[in-house]
Amino acid sequence: MNQLTPATDTLFSPAEADGAAPSILPTAGLAALAKLNWEELYAQLNEEGVAVTAPLLSPAQCREIIDTFDKPGLFRSTVVMQRYQFGRGVYKYYTDPATVPLIQTLRERLYPPMAWMANRWAPQLNERTFPTALEELLAECADNGQHRSTPLLLRYGPGDYACLHQDIYGDIVFPLQIAIMLNQPGEDFTGGENVFVEQRPRFQSRAIVVKPRLGQGMIFPVRHRPVRGKNGFRRHPMRHGTNAVETGHRNTLGIIFHNAR
């Protein structure tokens, strides 16, 4: 098991005080997080609707997370997708991310810069802002009856796919999430591309296909994103899913920041 501890007592730089993105300070075992350029990721998110990070996890860390799939004690529920017409495949929600320190650390460290991006969107969408620390968001969720953990591990084999959907779970919805690819496309599996569909008011919908490599993360909207129009910002709903896997097995870690009812 990787030991994940901050390299200093402070996890983030104070840069957000002047409107700049908070930087994730070096964290033992997750050095890649400190190298992320959040201004560039925010620009990519606004331009494309989805932002793809550099690899966040090593191959060994990806394998560590994949191996948790066969440890039932770590999960609060297992969803066989075809039973509910969600697609085909299996995903599992972790009971408590703290039982897998790697996942807990990712969720805690990634949240503040994701909140910085969400809060820049808030006035454009005429929506609320969010606290800058994950524990404050989770306390708010608990006060609203949303106690269940939402980080999940998805596994698809040949012929498996996910229908287009949104991950809402309750009244409190943090507007961004991240999914991390745990296998190498083209080697561990073929097919299984990530598909996003953006509804554009008064126009036809737009499909976005994203192909992250091993360890890379995809940042994308949970429900919608702001897009500038002639008369200000418009709200573009977005849904996400997965194309059918052709060969091999595809595992993905989904990190959702709000908890579920």
# chains A, B, ... in the order shown; residues from 1 in each chain; ligands from 1

$ select_by_dssp --residues "region 43-244 of chain A" --states "strand (DSSP E or B)" --output "mmCIF file with N, CA, C and O atoms, in the first residue's frame"
data_model
loop_
_atom_site.group_PDB
_atom_site.id
_atom_site.type_symbol
_atom_site.label_atom_id
_atom_site.label_comp_id
_atom_site.auth_asym_id
_atom_site.auth_seq_id
_atom_site.Cartn_x
_atom_site.Cartn_y
_atom_site.Cartn_z
ATOM 1 N N ALA A 51 -11.724 18.288 -19.965
ATOM 2 C CA ALA A 51 -10.283 18.534 -19.863
ATOM 3 C C ALA A 51 -9.586 17.234 -19.477
ATOM 4 O O ALA A 51 -10.054 16.515 -18.586
ATOM 5 N N VAL A 52 -8.479 16.934 -20.140
ATOM 6 C CA VAL A 52 -7.717 15.705 -19.883
ATOM 7 C C VAL A 52 -6.396 16.080 -19.229
ATOM 8 O O VAL A 52 -5.640 16.904 -19.757
ATOM 9 N N PHE A 75 -16.702 -2.063 -0.313
ATOM 10 C CA PHE A 75 -17.760 -1.425 -1.095
ATOM 11 C C PHE A 75 -19.103 -1.473 -0.383
ATOM 12 O O PHE A 75 -19.444 -2.461 0.269
ATOM 13 N N ARG A 76 -19.886 -0.410 -0.552
ATOM 14 C CA ARG A 76 -21.230 -0.343 0.044
ATOM 15 C C ARG A 76 -22.291 -0.914 -0.875
ATOM 16 O O ARG A 76 -23.358 -1.323 -0.405
ATOM 17 N N SER A 77 -22.041 -0.940 -2.190
ATOM 18 C CA SER A 77 -23.025 -1.508 -3.113
ATOM 19 C C SER A 77 -22.363 -1.853 -4.431
ATOM 20 O O SER A 77 -21.353 -1.260 -4.817
ATOM 21 N N THR A 78 -22.937 -2.848 -5.105
ATOM 22 C CA THR A 78 -22.489 -3.285 -6.426
ATOM 23 C C THR A 78 -23.667 -3.159 -7.380
ATOM 24 O O THR A 78 -24.772 -3.613 -7.069
ATOM 25 N N VAL A 79 -23.436 -2.539 -8.526
ATOM 26 C CA VAL A 79 -24.501 -2.335 -9.512
ATOM 27 C C VAL A 79 -24.163 -3.125 -10.771
ATOM 28 O O VAL A 79 -23.137 -2.882 -11.415
ATOM 29 N N VAL A 80 -25.025 -4.101 -11.101
ATOM 30 C CA VAL A 80 -24.927 -4.828 -12.370
ATOM 31 C C VAL A 80 -25.788 -4.051 -13.365
ATOM 32 O O VAL A 80 -27.017 -4.034 -13.256
ATOM 33 N N GLY A 87 -26.893 0.010 -19.184
ATOM 34 C CA GLY A 87 -25.856 -0.421 -20.110
ATOM 35 C C GLY A 87 -25.510 -1.861 -19.793
ATOM 36 O O GLY A 87 -26.380 -2.668 -19.462
ATOM 37 N N ARG A 88 -24.210 -2.170 -19.833
ATOM 38 C CA ARG A 88 -23.746 -3.508 -19.476
ATOM 39 C C ARG A 88 -22.376 -3.398 -18.852
ATOM 40 O O ARG A 88 -21.487 -2.729 -19.398
ATOM 41 N N VAL A 90 -20.268 -3.651 -14.666
ATOM 42 C CA VAL A 90 -20.442 -3.632 -13.211
ATOM 43 C C VAL A 90 -19.688 -2.435 -12.643
ATOM 44 O O VAL A 90 -18.570 -2.125 -13.068
ATOM 45 N N TYR A 91 -20.323 -1.763 -11.698
ATOM 46 C CA TYR A 91 -19.573 -0.764 -10.934
ATOM 47 C C TYR A 91 -19.913 -0.878 -9.461
ATOM 48 O O TYR A 91 -20.970 -1.377 -9.076
ATOM 49 N N LYS A 92 -18.957 -0.426 -8.630
ATOM 50 C CA LYS A 92 -19.074 -0.561 -7.179
ATOM 51 C C LYS A 92 -18.731 0.766 -6.510
ATOM 52 O O LYS A 92 -17.752 1.414 -6.875
ATOM 53 N N TYR A 93 -19.557 1.139 -5.504
ATOM 54 C CA TYR A 93 -19.309 2.335 -4.712
ATOM 55 C C TYR A 93 -18.526 1.969 -3.453
ATOM 56 O O TYR A 93 -18.919 1.057 -2.709
ATOM 57 N N TYR A 94 -17.444 2.695 -3.208
ATOM 58 C CA TYR A 94 -16.681 2.476 -1.982
ATOM 59 C C TYR A 94 -17.503 2.909 -0.763
ATOM 60 O O TYR A 94 -18.163 3.950 -0.775
ATOM 61 N N ARG A 148 -23.954 8.953 1.853
ATOM 62 C CA ARG A 148 -23.301 7.804 1.232
ATOM 63 C C ARG A 148 -22.172 8.237 0.291
ATOM 64 O O ARG A 148 -22.343 9.118 -0.553
ATOM 65 N N LEU A 152 -16.308 5.593 -7.062
ATOM 66 C CA LEU A 152 -16.690 4.266 -7.548
ATOM 67 C C LEU A 152 -15.653 3.706 -8.502
ATOM 68 O O LEU A 152 -14.868 4.445 -9.100
ATOM 69 N N LEU A 153 -15.687 2.398 -8.641
ATOM 70 C CA LEU A 153 -14.798 1.668 -9.538
ATOM 71 C C LEU A 153 -15.661 0.954 -10.566
ATOM 72 O O LEU A 153 -16.575 0.205 -10.206
ATOM 73 N N LEU A 154 -15.388 1.213 -11.853
ATOM 74 C CA LEU A 154 -16.174 0.641 -12.941
ATOM 75 C C LEU A 154 -15.343 -0.382 -13.689
ATOM 76 O O LEU A 154 -14.158 -0.143 -13.977
ATOM 77 N N ARG A 155 -15.964 -1.498 -14.049
ATOM 78 C CA ARG A 155 -15.284 -2.542 -14.821
ATOM 79 C C ARG A 155 -16.151 -2.958 -15.995
ATOM 80 O O ARG A 155 -17.317 -3.323 -15.825
ATOM 81 N N TYR A 156 -15.571 -2.911 -17.191
ATOM 82 C CA TYR A 156 -16.249 -3.333 -18.416
ATOM 83 C C TYR A 156 -15.424 -4.409 -19.102
ATOM 84 O O TYR A 156 -14.197 -4.286 -19.213
ATOM 85 N N TYR A 161 -20.822 -1.592 -21.934
ATOM 86 C CA TYR A 161 -20.891 -0.170 -22.270
ATOM 87 C C TYR A 161 -21.734 0.532 -21.212
ATOM 88 O O TYR A 161 -22.444 -0.104 -20.420
ATOM 89 N N ALA A 162 -21.696 1.863 -21.202
ATOM 90 C CA ALA A 162 -22.524 2.656 -20.288
ATOM 91 C C ALA A 162 -23.407 3.587 -21.095
ATOM 92 O O ALA A 162 -22.917 4.303 -21.988
ATOM 93 N N CYS A 163 -24.699 3.595 -20.790
ATOM 94 C CA CYS A 163 -25.617 4.537 -21.426
ATOM 95 C C CYS A 163 -25.305 5.963 -20.955
ATOM 96 O O CYS A 163 -24.718 6.181 -19.887
ATOM 97 N N LEU A 164 -25.732 6.930 -21.739
ATOM 98 C CA LEU A 164 -25.528 8.326 -21.368
ATOM 99 C C LEU A 164 -26.291 8.635 -20.084
ATOM 100 O O LEU A 164 -27.450 8.250 -19.918
ATOM 101 N N HIS A 165 -25.636 9.359 -19.162
ATOM 102 C CA HIS A 165 -26.248 9.630 -17.871
ATOM 103 C C HIS A 165 -25.580 10.823 -17.204
ATOM 104 O O HIS A 165 -24.609 11.378 -17.711
ATOM 105 N N LEU A 176 -18.557 19.469 -10.966
ATOM 106 C CA LEU A 176 -17.509 18.827 -11.748
ATOM 107 C C LEU A 176 -17.125 17.494 -11.123
ATOM 108 O O LEU A 176 -17.228 17.303 -9.911
ATOM 109 N N GLN A 177 -16.660 16.567 -11.951
ATOM 110 C CA GLN A 177 -16.148 15.292 -11.468
ATOM 111 C C GLN A 177 -14.948 14.891 -12.314
ATOM 112 O O GLN A 177 -14.647 15.513 -13.327
ATOM 113 N N ILE A 178 -14.262 13.841 -11.880
ATOM 114 C CA ILE A 178 -13.088 13.380 -12.620
ATOM 115 C C ILE A 178 -13.105 11.856 -12.678
ATOM 116 O O ILE A 178 -13.481 11.187 -11.712
ATOM 117 N N ALA A 179 -12.755 11.314 -13.829
ATOM 118 C CA ALA A 179 -12.635 9.866 -14.019
ATOM 119 C C ALA A 179 -11.207 9.575 -14.454
ATOM 120 O O ALA A 179 -10.660 10.265 -15.333
ATOM 121 N N ILE A 180 -10.589 8.572 -13.852
ATOM 122 C CA ILE A 180 -9.193 8.243 -14.122
ATOM 123 C C ILE A 180 -9.110 6.873 -14.768
ATOM 124 O O ILE A 180 -9.630 5.881 -14.235
ATOM 125 N N MET A 181 -8.461 6.811 -15.932
ATOM 126 C CA MET A 181 -8.287 5.555 -16.662
ATOM 127 C C MET A 181 -7.238 4.693 -15.968
ATOM 128 O O MET A 181 -6.111 5.145 -15.729
ATOM 129 N N PRO A 185 -5.360 1.782 -23.019
ATOM 130 C CA PRO A 185 -6.121 1.509 -24.242
ATOM 131 C C PRO A 185 -5.213 0.969 -25.342
ATOM 132 O O PRO A 185 -4.058 1.384 -25.486
ATOM 133 N N PHE A 189 -7.224 -3.228 -23.477
ATOM 134 C CA PHE A 189 -8.561 -3.328 -24.051
ATOM 135 C C PHE A 189 -8.621 -2.529 -25.346
ATOM 136 O O PHE A 189 -7.780 -1.658 -25.603
ATOM 137 N N THR A 190 -9.624 -2.837 -26.162
ATOM 138 C CA THR A 190 -9.921 -2.039 -27.350
ATOM 139 C C THR A 190 -11.380 -1.614 -27.286
ATOM 140 O O THR A 190 -12.198 -2.226 -26.592
ATOM 141 N N GLY A 191 -11.716 -0.561 -28.032
ATOM 142 C CA GLY A 191 -13.051 0.020 -27.921
ATOM 143 C C GLY A 191 -13.159 0.779 -26.612
ATOM 144 O O GLY A 191 -12.162 1.269 -26.070
ATOM 145 N N ASN A 194 -14.658 6.974 -24.193
ATOM 146 C CA ASN A 194 -15.533 7.828 -23.399
ATOM 147 C C ASN A 194 -16.302 8.760 -24.331
ATOM 148 O O ASN A 194 -15.712 9.411 -25.195
ATOM 149 N N VAL A 195 -17.611 8.817 -24.138
ATOM 150 C CA VAL A 195 -18.468 9.622 -25.005
ATOM 151 C C VAL A 195 -19.210 10.645 -24.151
ATOM 152 O O VAL A 195 -19.822 10.298 -23.126
ATOM 153 N N PHE A 196 -19.163 11.903 -24.576
ATOM 154 C CA PHE A 196 -19.892 12.984 -23.925
ATOM 155 C C PHE A 196 -20.810 13.612 -24.970
ATOM 156 O O PHE A 196 -20.404 13.800 -26.124
ATOM 157 N N VAL A 197 -22.033 13.925 -24.564
ATOM 158 C CA VAL A 197 -22.975 14.573 -25.476
ATOM 159 C C VAL A 197 -23.426 15.884 -24.848
ATOM 160 O O VAL A 197 -23.933 15.913 -23.717
ATOM 161 N N GLU A 198 -23.213 16.950 -25.587
ATOM 162 C CA GLU A 198 -23.558 18.293 -25.138
ATOM 163 C C GLU A 198 -24.793 18.779 -25.891
ATOM 164 O O GLU A 198 -24.797 18.836 -27.120
ATOM 165 N N ARG A 206 -23.936 17.947 -29.663
ATOM 166 C CA ARG A 206 -22.554 17.697 -30.086
ATOM 167 C C ARG A 206 -21.994 16.516 -29.317
ATOM 168 O O ARG A 206 -22.107 16.446 -28.093
ATOM 169 N N ALA A 207 -21.385 15.568 -30.019
ATOM 170 C CA ALA A 207 -20.734 14.421 -29.389
ATOM 171 C C ALA A 207 -19.235 14.684 -29.254
ATOM 172 O O ALA A 207 -18.601 15.239 -30.160
ATOM 173 N N ILE A 208 -18.674 14.299 -28.113
ATOM 174 C CA ILE A 208 -17.251 14.459 -27.833
ATOM 175 C C ILE A 208 -16.715 13.090 -27.444
ATOM 176 O O ILE A 208 -17.244 12.448 -26.524
ATOM 177 N N VAL A 209 -15.696 12.610 -28.119
ATOM 178 C CA VAL A 209 -15.079 11.317 -27.809
ATOM 179 C C VAL A 209 -13.697 11.581 -27.228
ATOM 180 O O VAL A 209 -12.889 12.313 -27.816
ATOM 181 N N VAL A 210 -13.420 11.016 -26.069
ATOM 182 C CA VAL A 210 -12.165 11.252 -25.364
ATOM 183 C C VAL A 210 -11.474 9.913 -25.125
ATOM 184 O O VAL A 210 -12.123 8.939 -24.720
ATOM 185 N N GLY A 217 -6.588 11.595 -16.154
ATOM 186 C CA GLY A 217 -7.913 11.918 -15.656
ATOM 187 C C GLY A 217 -8.677 12.777 -16.644
ATOM 188 O O GLY A 217 -8.090 13.564 -17.390
ATOM 189 N N MET A 218 -10.001 12.623 -16.636
ATOM 190 C CA MET A 218 -10.892 13.458 -17.440
ATOM 191 C C MET A 218 -11.754 14.273 -16.490
ATOM 192 O O MET A 218 -12.475 13.707 -15.657
ATOM 193 N N ILE A 219 -11.697 15.585 -16.602
ATOM 194 C CA ILE A 219 -12.527 16.486 -15.811
ATOM 195 C C ILE A 219 -13.701 16.907 -16.674
ATOM 196 O O ILE A 219 -13.510 17.374 -17.808
ATOM 197 N N PHE A 220 -14.918 16.772 -16.156
ATOM 198 C CA PHE A 220 -16.080 17.095 -16.985
ATOM 199 C C PHE A 220 -17.261 17.502 -16.107
ATOM 200 O O PHE A 220 -17.287 17.221 -14.904
ATOM 201 N N PRO A 221 -18.261 18.170 -16.688
ATOM 202 C CA PRO A 221 -19.405 18.633 -15.909
ATOM 203 C C PRO A 221 -20.297 17.477 -15.477
ATOM 204 O O PRO A 221 -20.476 16.504 -16.206
ATOM 205 N N HIS A 224 -24.132 20.380 -16.425
ATOM 206 C CA HIS A 224 -24.112 21.342 -17.521
ATOM 207 C C HIS A 224 -22.897 22.250 -17.388
ATOM 208 O O HIS A 224 -22.206 22.238 -16.369
ATOM 209 N N ARG A 225 -22.663 23.024 -18.425
ATOM 210 C CA ARG A 225 -21.560 23.977 -18.404
ATOM 211 C C ARG A 225 -22.017 25.289 -19.032
ATOM 212 O O ARG A 225 -22.968 25.317 -19.827
ATOM 213 N N PRO A 226 -21.345 26.406 -18.703
ATOM 214 C CA PRO A 226 -21.692 27.680 -19.325
ATOM 215 C C PRO A 226 -20.965 27.850 -20.658
ATOM 216 O O PRO A 226 -19.785 27.520 -20.786
ATOM 217 N N VAL A 227 -21.672 28.366 -21.638
ATOM 218 C CA VAL A 227 -21.078 28.678 -22.941
ATOM 219 C C VAL A 227 -21.523 30.083 -23.320
ATOM 220 O O VAL A 227 -22.719 30.390 -23.291
ATOM 221 N N ARG A 228 -20.569 30.922 -23.688
ATOM 222 C CA ARG A 228 -20.899 32.313 -24.000
ATOM 223 C C ARG A 228 -21.666 32.401 -25.315
ATOM 224 O O ARG A 228 -21.278 31.813 -26.326
ATOM 225 N N GLY A 229 -22.762 33.122 -25.302
ATOM 226 C CA GLY A 229 -23.557 33.388 -26.498
ATOM 227 C C GLY A 229 -23.631 34.872 -26.773
ATOM 228 O O GLY A 229 -22.932 35.679 -26.134
ATOM 229 N N GLY A 232 -24.951 36.811 -23.494
ATOM 230 C CA GLY A 232 -24.458 36.290 -22.222
ATOM 231 C C GLY A 232 -24.224 34.794 -22.286
ATOM 232 O O GLY A 232 -24.118 34.201 -23.363
ATOM 233 N N PHE A 233 -24.159 34.187 -21.124
ATOM 234 C CA PHE A 233 -23.850 32.751 -21.061
ATOM 235 C C PHE A 233 -25.121 31.920 -21.156
ATOM 236 O O PHE A 233 -26.149 32.259 -20.584
ATOM 237 N N ARG A 234 -25.000 30.808 -21.900
ATOM 238 C CA ARG A 234 -26.073 29.829 -22.001
ATOM 239 C C ARG A 234 -25.665 28.574 -21.225
ATOM 240 O O ARG A 234 -24.486 28.268 -21.101
ATOM 241 N N ARG A 235 -26.657 27.848 -20.766
ATOM 242 C CA ARG A 235 -26.431 26.603 -20.033
ATOM 243 C C ARG A 235 -26.543 25.441 -21.005
ATOM 244 O O ARG A 235 -27.589 25.226 -21.603
ATOM 245 N N HIS A 236 -25.447 24.669 -21.162
ATOM 246 C CA HIS A 236 -25.433 23.515 -22.057
ATOM 247 C C HIS A 236 -25.428 22.233 -21.229
ATOM 248 O O HIS A 236 -24.412 21.878 -20.624
ATOM 249 N N PRO A 237 -26.543 21.502 -21.167
ATOM 250 C CA PRO A 237 -26.550 20.219 -20.452
ATOM 251 C C PRO A 237 -25.582 19.225 -21.101
ATOM 252 O O PRO A 237 -25.417 19.215 -22.327
ATOM 253 N N MET A 238 -24.959 18.389 -20.267
ATOM 254 C CA MET A 238 -24.047 17.373 -20.758
ATOM 255 C C MET A 238 -24.328 16.046 -20.067
ATOM 256 O O MET A 238 -24.678 16.002 -18.886
ATOM 257 N N ARG A 239 -24.203 14.969 -20.831
ATOM 258 C CA ARG A 239 -24.287 13.611 -20.297
ATOM 259 C C ARG A 239 -23.057 12.843 -20.770
ATOM 260 O O ARG A 239 -22.417 13.213 -21.758
ATOM 261 N N HIS A 240 -22.728 11.776 -20.066
ATOM 262 C CA HIS A 240 -21.542 10.999 -20.425
ATOM 263 C C HIS A 240 -21.858 9.504 -20.395
ATOM 264 O O HIS A 240 -22.779 9.053 -19.715
ATOM 265 N N GLY A 241 -21.085 8.746 -21.153
ATOM 266 C CA GLY A 241 -21.242 7.301 -21.215
ATOM 267 C C GLY A 241 -19.982 6.676 -21.790
ATOM 268 O O GLY A 241 -18.948 7.340 -21.944
ATOM 269 N N THR A 242 -20.061 5.399 -22.110
ATOM 270 C CA THR A 242 -18.898 4.672 -22.632
ATOM 271 C C THR A 242 -19.327 3.800 -23.798
ATOM 272 O O THR A 242 -20.325 3.074 -23.712
#

$ select_by_dssp --residues "region 42-219 of chain A" --states "alpha helix (DSSP H)" --output "MDAnalysis selection string"
chainID A and resid 42:48 59:67 101:125 134:143

$ atom_distance --atom1 "CA of Leu106 (chain A)" --atom2 "CA of Ala54 (chain A)"
14.3 Å

$ residues_around --residues "Ile172 (chain A)" --least-positions-apart "3" --cutoff "10 Å" --atoms "only C-alpha atoms" --output "VMD selection string"
chain A and resid 137 to 138 140 to 142 144 to 146 168 to 169 175 258 to 261

$ write_last_selection --atoms "N, CA and C atoms" --output "short mmCIF file (atom, residue, chain, number, x, y, z; two decimals), in the first residue's frame"
data_model
loop_
_atom_site.label_atom_id
_atom_site.label_comp_id
_atom_site.auth_asym_id
_atom_site.auth_seq_id
_atom_site.Cartn_x
_atom_site.Cartn_y
_atom_site.Cartn_z
N LEU A 137 -17.81 20.66 2.14
CA LEU A 137 -18.85 20.19 1.22
C LEU A 137 -19.54 18.95 1.77
N LEU A 138 -18.77 18.01 2.29
CA LEU A 138 -19.35 16.77 2.81
C LEU A 138 -20.20 17.03 4.05
N GLU A 140 -21.94 19.73 4.48
CA GLU A 140 -23.17 20.27 3.91
C GLU A 140 -24.05 19.15 3.36
N CYS A 141 -23.41 18.19 2.68
CA CYS A 141 -24.15 17.03 2.18
C CYS A 141 -24.82 16.29 3.33
N ALA A 142 -24.08 16.07 4.42
CA ALA A 142 -24.63 15.33 5.56
C ALA A 142 -25.84 16.04 6.15
N ASN A 144 -27.90 17.67 4.60
CA ASN A 144 -28.99 17.51 3.65
C ASN A 144 -29.41 16.04 3.48
N GLY A 145 -28.88 15.16 4.34
CA GLY A 145 -29.23 13.75 4.26
C GLY A 145 -28.44 12.96 3.23
N GLN A 146 -27.37 13.54 2.68
CA GLN A 146 -26.54 12.86 1.69
C GLN A 146 -25.29 12.34 2.40
N ILE A 168 -26.08 12.62 -10.30
CA ILE A 168 -26.67 13.68 -9.49
C ILE A 168 -26.67 13.31 -8.00
N TYR A 169 -27.45 12.30 -7.60
CA TYR A 169 -27.45 11.70 -6.25
C TYR A 169 -28.16 12.49 -5.16
N PRO A 175 -20.51 20.63 -9.25
CA PRO A 175 -20.71 20.63 -10.70
C PRO A 175 -19.66 19.94 -11.56
N HIS A 258 -19.61 15.31 -4.32
CA HIS A 258 -20.76 15.32 -3.40
C HIS A 258 -21.13 13.88 -3.04
N ASN A 259 -21.71 13.71 -1.88
CA ASN A 259 -22.17 12.39 -1.45
C ASN A 259 -23.62 12.17 -1.87
N ALA A 260 -24.10 10.94 -1.70
CA ALA A 260 -25.44 10.55 -2.15
C ALA A 260 -26.39 10.38 -0.98
N ARG A 261 -27.66 10.48 -1.29
CA ARG A 261 -28.69 10.19 -0.28
C ARG A 261 -28.71 8.69 0.01
#

$ atom_distance --atom1 "CA of Asn183 (chain A)" --atom2 "CA of Asn243 (chain A)"
15.5 Å

$ closest_residue --among "A:Asp160, A:Ala122, A:Ala139, A:Ala43" --to "Gln85 (chain A)" --atoms "only C-alpha atoms"
A:Asp160

$ atom_distance --atom1 "CA of Val222 (chain A)" --atom2 "CA of Ile255 (chain A)"
11.2 Å

$ residues_around --residues "region 61-72 of chain A" --least-positions-apart "3" --cutoff "7 Å" --atoms "only C-alpha atoms" --output "ChimeraX atom specification"
/A:57-58,75,182,215,251

$ residues_around --residues "Glu187 (chain A)" --least-positions-apart "4" --cutoff "10 Å" --atoms "only C-alpha atoms" --output "list in words"
Asn183, Thr247, Gly248 and His249 of chain A

$ write_last_selection --atoms "N, CA, C and O atoms" --output "compact mmCIF listing (two decimals), in the first residue's frame"
# COMPACT_ATOMS: atom_id res chain seq x y z
N ASN A 183 -6.42 1.43 -17.09
CA ASN A 183 -5.81 0.48 -18.03
C ASN A 183 -5.26 1.23 -19.23
O ASN A 183 -5.59 2.39 -19.46
N THR A 247 -12.48 -5.78 -26.90
CA THR A 247 -11.67 -6.87 -26.33
C THR A 247 -11.05 -6.40 -25.02
O THR A 247 -10.86 -5.21 -24.80
N GLY A 248 -10.73 -7.36 -24.14
CA GLY A 248 -10.05 -7.05 -22.90
C GLY A 248 -10.97 -6.50 -21.83
O GLY A 248 -12.20 -6.64 -21.91
N HIS A 249 -10.37 -5.88 -20.82
CA HIS A 249 -11.12 -5.32 -19.70
C HIS A 249 -10.67 -3.89 -19.44
O HIS A 249 -9.48 -3.57 -19.51

$ residues_around --residues "Asn119 (chain A)" --least-positions-apart "3" --cutoff "7 Å" --atoms "only C-alpha atoms" --output "ChimeraX atom specification"
/A:115-116,122,129-130

$ closest_residue --among "A:Ala21, A:Pro151, A:Arg223, A:Ala244" --to "Glu193 (chain A)" --atoms "only C-alpha atoms"
A:Ala244

$ closest_residue --among "A:Glu39, A:Asp171, A:Glu136, A:Glu48" --to "Pro113 (chain A)" --atoms "only C-alpha atoms"
A:Glu39
